[in-house]
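So this one's coords38.txt, compact mmCIF, N, CA and C atoms:
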```txt
# COMPACT_ATOMS: atom_id res chain seq x y z
N MET A 1 29.56 81.44 63.02
CA MET A 1 28.81 82.50 62.39
C MET A 1 28.42 82.04 60.99
N SER A 2 27.26 82.44 60.58
CA SER A 2 26.80 82.06 59.25
C SER A 2 27.58 82.83 58.20
N ALA A 3 27.43 82.40 56.97
CA ALA A 3 28.11 83.07 55.86
C ALA A 3 27.60 84.50 55.68
N GLU A 4 26.37 84.72 56.08
CA GLU A 4 25.79 86.04 55.99
C GLU A 4 26.29 86.89 57.17
N ILE A 5 26.63 88.12 56.91
CA ILE A 5 27.13 89.01 57.96
C ILE A 5 25.96 89.43 58.84
N ASN A 6 26.09 89.22 60.17
CA ASN A 6 25.01 89.62 61.07
C ASN A 6 25.09 91.12 61.37
N SER A 7 24.11 91.63 62.05
CA SER A 7 24.05 93.08 62.30
C SER A 7 25.19 93.57 63.17
N HIS A 8 25.65 92.77 64.12
CA HIS A 8 26.78 93.18 64.96
C HIS A 8 28.03 93.38 64.11
N GLU A 9 28.28 92.43 63.23
CA GLU A 9 29.49 92.53 62.40
C GLU A 9 29.35 93.66 61.38
N ARG A 10 28.19 93.84 60.83
CA ARG A 10 27.98 94.94 59.87
C ARG A 10 28.22 96.29 60.56
N ASN A 11 27.68 96.44 61.76
CA ASN A 11 27.89 97.68 62.52
C ASN A 11 29.37 97.85 62.88
N PHE A 12 30.03 96.76 63.22
CA PHE A 12 31.46 96.80 63.54
C PHE A 12 32.26 97.27 62.33
N ARG A 13 31.98 96.71 61.18
CA ARG A 13 32.70 97.09 59.95
C ARG A 13 32.47 98.56 59.62
N ASN A 14 31.23 99.00 59.72
CA ASN A 14 30.92 100.41 59.45
C ASN A 14 31.60 101.33 60.45
N GLY A 15 31.61 100.94 61.72
CA GLY A 15 32.28 101.74 62.74
C GLY A 15 33.78 101.81 62.54
N LEU A 16 34.36 100.69 62.14
CA LEU A 16 35.81 100.65 61.89
C LEU A 16 36.16 101.55 60.72
N ILE A 17 35.39 101.48 59.66
CA ILE A 17 35.64 102.33 58.50
C ILE A 17 35.47 103.80 58.87
N ALA A 18 34.44 104.12 59.63
CA ALA A 18 34.20 105.50 60.04
C ALA A 18 35.34 106.02 60.90
N ALA A 19 35.82 105.21 61.82
CA ALA A 19 36.92 105.63 62.70
C ALA A 19 38.20 105.87 61.90
N LEU A 20 38.43 105.07 60.89
CA LEU A 20 39.64 105.21 60.09
C LEU A 20 39.53 106.35 59.08
N SER A 21 38.33 106.69 58.68
CA SER A 21 38.13 107.74 57.68
C SER A 21 38.48 109.12 58.19
N ASN A 22 38.52 109.28 59.49
CA ASN A 22 38.82 110.59 60.07
C ASN A 22 40.31 110.90 60.13
N ARG A 23 41.14 109.97 59.74
CA ARG A 23 42.59 110.18 59.80
C ARG A 23 43.06 110.98 58.60
N SER A 24 44.15 111.72 58.81
CA SER A 24 44.69 112.53 57.72
C SER A 24 45.61 111.72 56.81
N GLU A 25 46.13 110.61 57.31
CA GLU A 25 47.01 109.74 56.52
C GLU A 25 46.43 108.34 56.47
N VAL A 26 46.83 107.60 55.46
CA VAL A 26 46.37 106.21 55.32
C VAL A 26 46.96 105.39 56.48
N PRO A 27 46.12 104.69 57.22
CA PRO A 27 46.62 103.88 58.33
C PRO A 27 47.36 102.64 57.82
N THR A 28 48.27 102.15 58.65
CA THR A 28 48.97 100.92 58.31
C THR A 28 48.09 99.73 58.67
N LEU A 29 48.45 98.59 58.15
CA LEU A 29 47.71 97.36 58.48
C LEU A 29 47.74 97.13 59.98
N GLN A 30 48.88 97.36 60.61
CA GLN A 30 49.00 97.15 62.05
C GLN A 30 48.07 98.09 62.82
N GLU A 31 47.95 99.33 62.39
CA GLU A 31 47.05 100.27 63.06
C GLU A 31 45.59 99.83 62.93
N VAL A 32 45.23 99.33 61.75
CA VAL A 32 43.86 98.85 61.53
C VAL A 32 43.59 97.62 62.39
N GLU A 33 44.56 96.72 62.47
CA GLU A 33 44.41 95.52 63.30
C GLU A 33 44.23 95.89 64.77
N GLN A 34 45.01 96.84 65.25
CA GLN A 34 44.92 97.27 66.65
C GLN A 34 43.56 97.91 66.94
N LEU A 35 43.12 98.77 66.05
CA LEU A 35 41.83 99.42 66.24
C LEU A 35 40.69 98.40 66.19
N ALA A 36 40.78 97.46 65.27
CA ALA A 36 39.76 96.42 65.16
C ALA A 36 39.69 95.58 66.44
N ALA A 37 40.84 95.25 66.98
CA ALA A 37 40.88 94.46 68.22
C ALA A 37 40.26 95.24 69.38
N GLN A 38 40.44 96.54 69.40
CA GLN A 38 39.86 97.37 70.46
C GLN A 38 38.35 97.53 70.30
N MET A 39 37.90 97.63 69.06
CA MET A 39 36.49 97.89 68.80
C MET A 39 35.62 96.63 68.80
N ALA A 40 36.18 95.49 68.50
CA ALA A 40 35.40 94.25 68.38
C ALA A 40 34.54 93.95 69.61
N PRO A 41 35.09 94.03 70.83
CA PRO A 41 34.24 93.73 71.99
C PRO A 41 33.09 94.73 72.17
N ILE A 42 33.28 95.96 71.75
CA ILE A 42 32.24 96.97 71.86
C ILE A 42 31.03 96.58 71.01
N PHE A 43 31.31 95.99 69.84
CA PHE A 43 30.25 95.60 68.92
C PHE A 43 29.85 94.13 69.07
N ASN A 44 30.38 93.49 70.11
CA ASN A 44 30.06 92.09 70.38
C ASN A 44 30.44 91.18 69.21
N VAL A 45 31.63 91.43 68.66
CA VAL A 45 32.16 90.65 67.54
C VAL A 45 33.39 89.91 68.04
N SER A 46 33.48 88.64 67.69
CA SER A 46 34.64 87.85 68.08
C SER A 46 35.06 86.98 66.91
N GLY A 47 36.19 86.35 67.05
CA GLY A 47 36.68 85.46 66.00
C GLY A 47 37.63 86.15 65.06
N ASP A 48 37.68 85.64 63.86
CA ASP A 48 38.60 86.13 62.84
C ASP A 48 38.13 87.48 62.31
N LEU A 49 38.97 88.49 62.46
CA LEU A 49 38.61 89.84 62.03
C LEU A 49 39.25 90.22 60.70
N ARG A 50 39.96 89.30 60.07
CA ARG A 50 40.72 89.63 58.86
C ARG A 50 39.86 90.19 57.74
N ASP A 51 38.69 89.64 57.51
CA ASP A 51 37.83 90.16 56.43
C ASP A 51 37.42 91.60 56.70
N ALA A 52 37.04 91.87 57.93
CA ALA A 52 36.64 93.23 58.29
C ALA A 52 37.82 94.19 58.20
N ILE A 53 38.99 93.75 58.61
CA ILE A 53 40.20 94.57 58.55
C ILE A 53 40.54 94.89 57.10
N ASN A 54 40.52 93.88 56.25
CA ASN A 54 40.82 94.10 54.83
C ASN A 54 39.80 95.01 54.17
N GLU A 55 38.53 94.82 54.50
CA GLU A 55 37.48 95.67 53.93
C GLU A 55 37.67 97.12 54.36
N ALA A 56 37.96 97.33 55.63
CA ALA A 56 38.13 98.69 56.15
C ALA A 56 39.35 99.35 55.52
N LEU A 57 40.44 98.64 55.44
CA LEU A 57 41.66 99.22 54.86
C LEU A 57 41.45 99.56 53.39
N THR A 58 40.82 98.67 52.66
CA THR A 58 40.54 98.92 51.24
C THR A 58 39.63 100.13 51.09
N SER A 59 38.62 100.22 51.91
CA SER A 59 37.68 101.32 51.83
C SER A 59 38.37 102.66 52.12
N VAL A 60 39.19 102.69 53.14
CA VAL A 60 39.86 103.94 53.52
C VAL A 60 40.88 104.35 52.46
N VAL A 61 41.63 103.41 51.94
CA VAL A 61 42.62 103.73 50.91
C VAL A 61 41.92 104.26 49.66
N THR A 62 40.79 103.68 49.31
CA THR A 62 40.04 104.10 48.13
C THR A 62 39.50 105.51 48.29
N ARG A 63 39.09 105.85 49.49
CA ARG A 63 38.52 107.19 49.75
C ARG A 63 39.57 108.29 49.79
N MET A 64 40.80 107.94 50.13
CA MET A 64 41.83 108.98 50.30
C MET A 64 42.49 109.32 49.02
```
Could you take the file, read its structure, and then write that structure out as C-alpha cells?
Amino acid sequence: MSAEINSHERNFRNGLIAALSNRSEVPTLQEVEQLAAQMAPIFNVSGDLRDAINEALTSVVTRM
C-alpha cells in the first residue's frame, strides 16, 4: 500500500471510529483490535491495522 491512505482504508478508519463512538464507556485496546479485525474484510482492508486501531482509540478517548 502506498504511503497515502486509500479510500478503502479511510472508510474503514471512519467506520471503526463511528462504531466505537456509540459505546457508553471507553473501549479497551483489545476490544478495538477485535472490532478492527472483524471490520477489515468488510472494507477490503488487509495488513497491519495498528495505525487505524491507534487512531480510532485516540479519537474515541478524546471525544469521551
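Residues in contact with Leu57 in chain A at up to 8 Å, not including ones fewer than 3 positions away on its chain and judged by all atoms listed in the file, are A:Leu16, A:Ile17, A:Pro27, A:Thr28, A:Leu29, A:Val32, A:Asp51, A:Ala52, A:Ile53, A:Asn54, A:Val60, A:Val61, A:Thr62, A:Arg63.
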Backbone DSSP call of helix (DSSP H, G or I) for chain A, listed as a ChimeraX atom specification: /A:7-21,29-39,50-63
Range 8-13 of chain A surroundings by all atoms listed in the file, 7 Å radius, close-in-sequence under 4 positions cut, as a PyMOL selection string: chain A and resi 17-18+39-40+43-45+52+56
Can you write just those residues out, N, CA and C atoms, as a tab-separated table (two decimals), in the coordinates of the input?
```
chain	number	residue	atom	x	y	z
A	17	ILE	N	35.39	101.48	59.66
A	17	ILE	CA	35.64	102.33	58.50
A	17	ILE	C	35.47	103.80	58.87
A	18	ALA	N	34.44	104.12	59.63
A	18	ALA	CA	34.20	105.50	60.04
A	18	ALA	C	35.34	106.02	60.90
A	39	MET	N	37.90	97.63	69.06
A	39	MET	CA	36.49	97.89	68.80
A	39	MET	C	35.62	96.63	68.80
A	40	ALA	N	36.18	95.49	68.50
A	40	ALA	CA	35.40	94.25	68.38
A	40	ALA	C	34.54	93.95	69.61
A	43	PHE	N	31.31	95.99	69.84
A	43	PHE	CA	30.25	95.60	68.92
A	43	PHE	C	29.85	94.13	69.07
A	44	ASN	N	30.38	93.49	70.11
A	44	ASN	CA	30.06	92.09	70.38
A	44	ASN	C	30.44	91.18	69.21
A	45	VAL	N	31.63	91.43	68.66
A	45	VAL	CA	32.16	90.65	67.54
A	45	VAL	C	33.39	89.91	68.04
A	52	ALA	N	37.04	91.87	57.93
A	52	ALA	CA	36.64	93.23	58.29
A	52	ALA	C	37.82	94.19	58.20
A	56	ALA	N	37.96	97.33	55.63
A	56	ALA	CA	38.13	98.69	56.15
A	56	ALA	C	39.35	99.35	55.52
```
What box, with edges along x, y and z, holds each listed atom of range 22-31 of chain A when 5 Å is added on every side, and can you state its centre and edge lengths in Å to one decimal, as AutoDock Vina command-line options?
```
--center_x 43.8 --center_y 104.8 --center_z 59.2 --size_x 20.5 --size_y 25.4 --size_z 17.7
```
Å distance separating CA of Ala36 in chain A from CA of Asp48 in chain A, one decimal place: 10.6 Å
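Interatomic distance, atom C of Ser59 in chain A to CA of Ser21 in chain A: 7.5 Å.
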Mind dumping range 17-53 of chain A from that block, keeping N, CA and C atoms, as a CSV table (one decimal), in the first residue's frame?
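Below is the file out.csv, written as the result:
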```
chain,number,residue,atom,x,y,z
A,17,ILE,N,-14.2,4.2,13.9
A,17,ILE,CA,-14.4,5.3,14.9
A,17,ILE,C,-15.9,5.5,15.1
A,18,ALA,N,-16.7,5.4,14.1
A,18,ALA,CA,-18.1,5.6,14.3
A,18,ALA,C,-18.7,4.4,15.2
A,19,ALA,N,-18.2,3.2,14.9
A,19,ALA,CA,-18.7,2.1,15.7
A,19,ALA,C,-18.3,2.2,17.2
A,20,LEU,N,-17.1,2.7,17.4
A,20,LEU,CA,-16.7,2.8,18.8
A,20,LEU,C,-17.3,4.0,19.5
A,21,SER,N,-17.7,5.0,18.8
A,21,SER,CA,-18.2,6.3,19.3
A,21,SER,C,-19.6,6.0,20.0
A,22,ASN,N,-20.3,5.0,19.6
A,22,ASN,CA,-21.6,4.7,20.2
A,22,ASN,C,-21.6,4.0,21.5
A,23,ARG,N,-20.4,3.7,22.0
A,23,ARG,CA,-20.3,3.0,23.3
A,23,ARG,C,-20.4,4.0,24.5
A,24,SER,N,-20.9,3.5,25.6
A,24,SER,CA,-21.0,4.4,26.8
A,24,SER,C,-19.7,4.5,27.5
A,25,GLU,N,-18.8,3.5,27.4
A,25,GLU,CA,-17.5,3.5,28.1
A,25,GLU,C,-16.4,3.4,27.1
A,26,VAL,N,-15.2,3.9,27.5
A,26,VAL,CA,-14.1,3.9,26.6
A,26,VAL,C,-13.7,2.4,26.4
A,27,PRO,N,-13.6,2.0,25.1
A,27,PRO,CA,-13.2,0.6,24.8
A,27,PRO,C,-11.7,0.3,25.2
A,28,THR,N,-11.4,-0.9,25.5
A,28,THR,CA,-10.0,-1.3,25.7
A,28,THR,C,-9.3,-1.5,24.4
A,29,LEU,N,-8.0,-1.5,24.4
A,29,LEU,CA,-7.3,-1.8,23.2
A,29,LEU,C,-7.7,-3.1,22.6
A,30,GLN,N,-7.9,-4.1,23.4
A,30,GLN,CA,-8.2,-5.4,22.9
A,30,GLN,C,-9.6,-5.4,22.2
A,31,GLU,N,-10.5,-4.6,22.7
A,31,GLU,CA,-11.9,-4.5,22.1
A,31,GLU,C,-11.7,-3.8,20.7
A,32,VAL,N,-10.9,-2.8,20.7
A,32,VAL,CA,-10.7,-2.1,19.4
A,32,VAL,C,-10.0,-3.0,18.4
A,33,GLU,N,-9.0,-3.8,18.8
A,33,GLU,CA,-8.4,-4.7,17.9
A,33,GLU,C,-9.3,-5.8,17.4
A,34,GLN,N,-10.2,-6.3,18.2
A,34,GLN,CA,-11.2,-7.3,17.8
A,34,GLN,C,-12.2,-6.7,16.8
A,35,LEU,N,-12.7,-5.5,17.1
A,35,LEU,CA,-13.6,-4.9,16.2
A,35,LEU,C,-12.9,-4.6,14.8
A,36,ALA,N,-11.7,-4.1,14.9
A,36,ALA,CA,-11.0,-3.8,13.7
A,36,ALA,C,-10.8,-5.1,12.8
A,37,ALA,N,-10.4,-6.2,13.5
A,37,ALA,CA,-10.2,-7.4,12.7
A,37,ALA,C,-11.5,-7.9,12.1
A,38,GLN,N,-12.7,-7.7,12.7
A,38,GLN,CA,-14.0,-8.0,12.2
A,38,GLN,C,-14.4,-7.1,11.0
A,39,MET,N,-14.1,-5.9,11.1
A,39,MET,CA,-14.5,-4.9,10.1
A,39,MET,C,-13.6,-4.8,8.9
A,40,ALA,N,-12.3,-5.2,9.1
A,40,ALA,CA,-11.4,-5.0,8.0
A,40,ALA,C,-11.8,-5.7,6.7
A,41,PRO,N,-12.2,-7.0,6.7
A,41,PRO,CA,-12.7,-7.6,5.5
A,41,PRO,C,-13.9,-6.9,4.8
A,42,ILE,N,-14.7,-6.4,5.6
A,42,ILE,CA,-15.9,-5.7,5.1
A,42,ILE,C,-15.5,-4.5,4.2
A,43,PHE,N,-14.4,-3.8,4.6
A,43,PHE,CA,-13.9,-2.6,3.9
A,43,PHE,C,-12.8,-3.0,3.0
A,44,ASN,N,-12.5,-4.3,2.8
A,44,ASN,CA,-11.5,-4.7,1.9
A,44,ASN,C,-10.1,-4.2,2.3
A,45,VAL,N,-9.8,-4.2,3.6
A,45,VAL,CA,-8.6,-3.7,4.1
A,45,VAL,C,-7.8,-4.9,4.7
A,46,SER,N,-6.6,-5.0,4.4
A,46,SER,CA,-5.8,-6.1,5.0
A,46,SER,C,-4.4,-5.6,5.4
A,47,GLY,N,-3.7,-6.4,6.1
A,47,GLY,CA,-2.3,-6.0,6.5
A,47,GLY,C,-2.3,-5.5,7.9
A,48,ASP,N,-1.4,-4.6,8.2
A,48,ASP,CA,-1.2,-4.1,9.6
A,48,ASP,C,-2.3,-3.1,9.9
A,49,LEU,N,-3.0,-3.3,10.9
A,49,LEU,CA,-4.1,-2.4,11.3
A,49,LEU,C,-3.8,-1.5,12.5
A,50,ARG,N,-2.5,-1.6,12.9
A,50,ARG,CA,-2.2,-0.8,14.1
A,50,ARG,C,-2.4,0.7,14.0
A,51,ASP,N,-2.1,1.3,12.9
A,51,ASP,CA,-2.3,2.7,12.8
A,51,ASP,C,-3.8,3.1,12.9
A,52,ALA,N,-4.6,2.3,12.2
A,52,ALA,CA,-6.0,2.6,12.3
A,52,ALA,C,-6.6,2.3,13.7
A,53,ILE,N,-6.1,1.3,14.3
A,53,ILE,CA,-6.5,1.0,15.7
A,53,ILE,C,-6.1,2.1,16.7
```
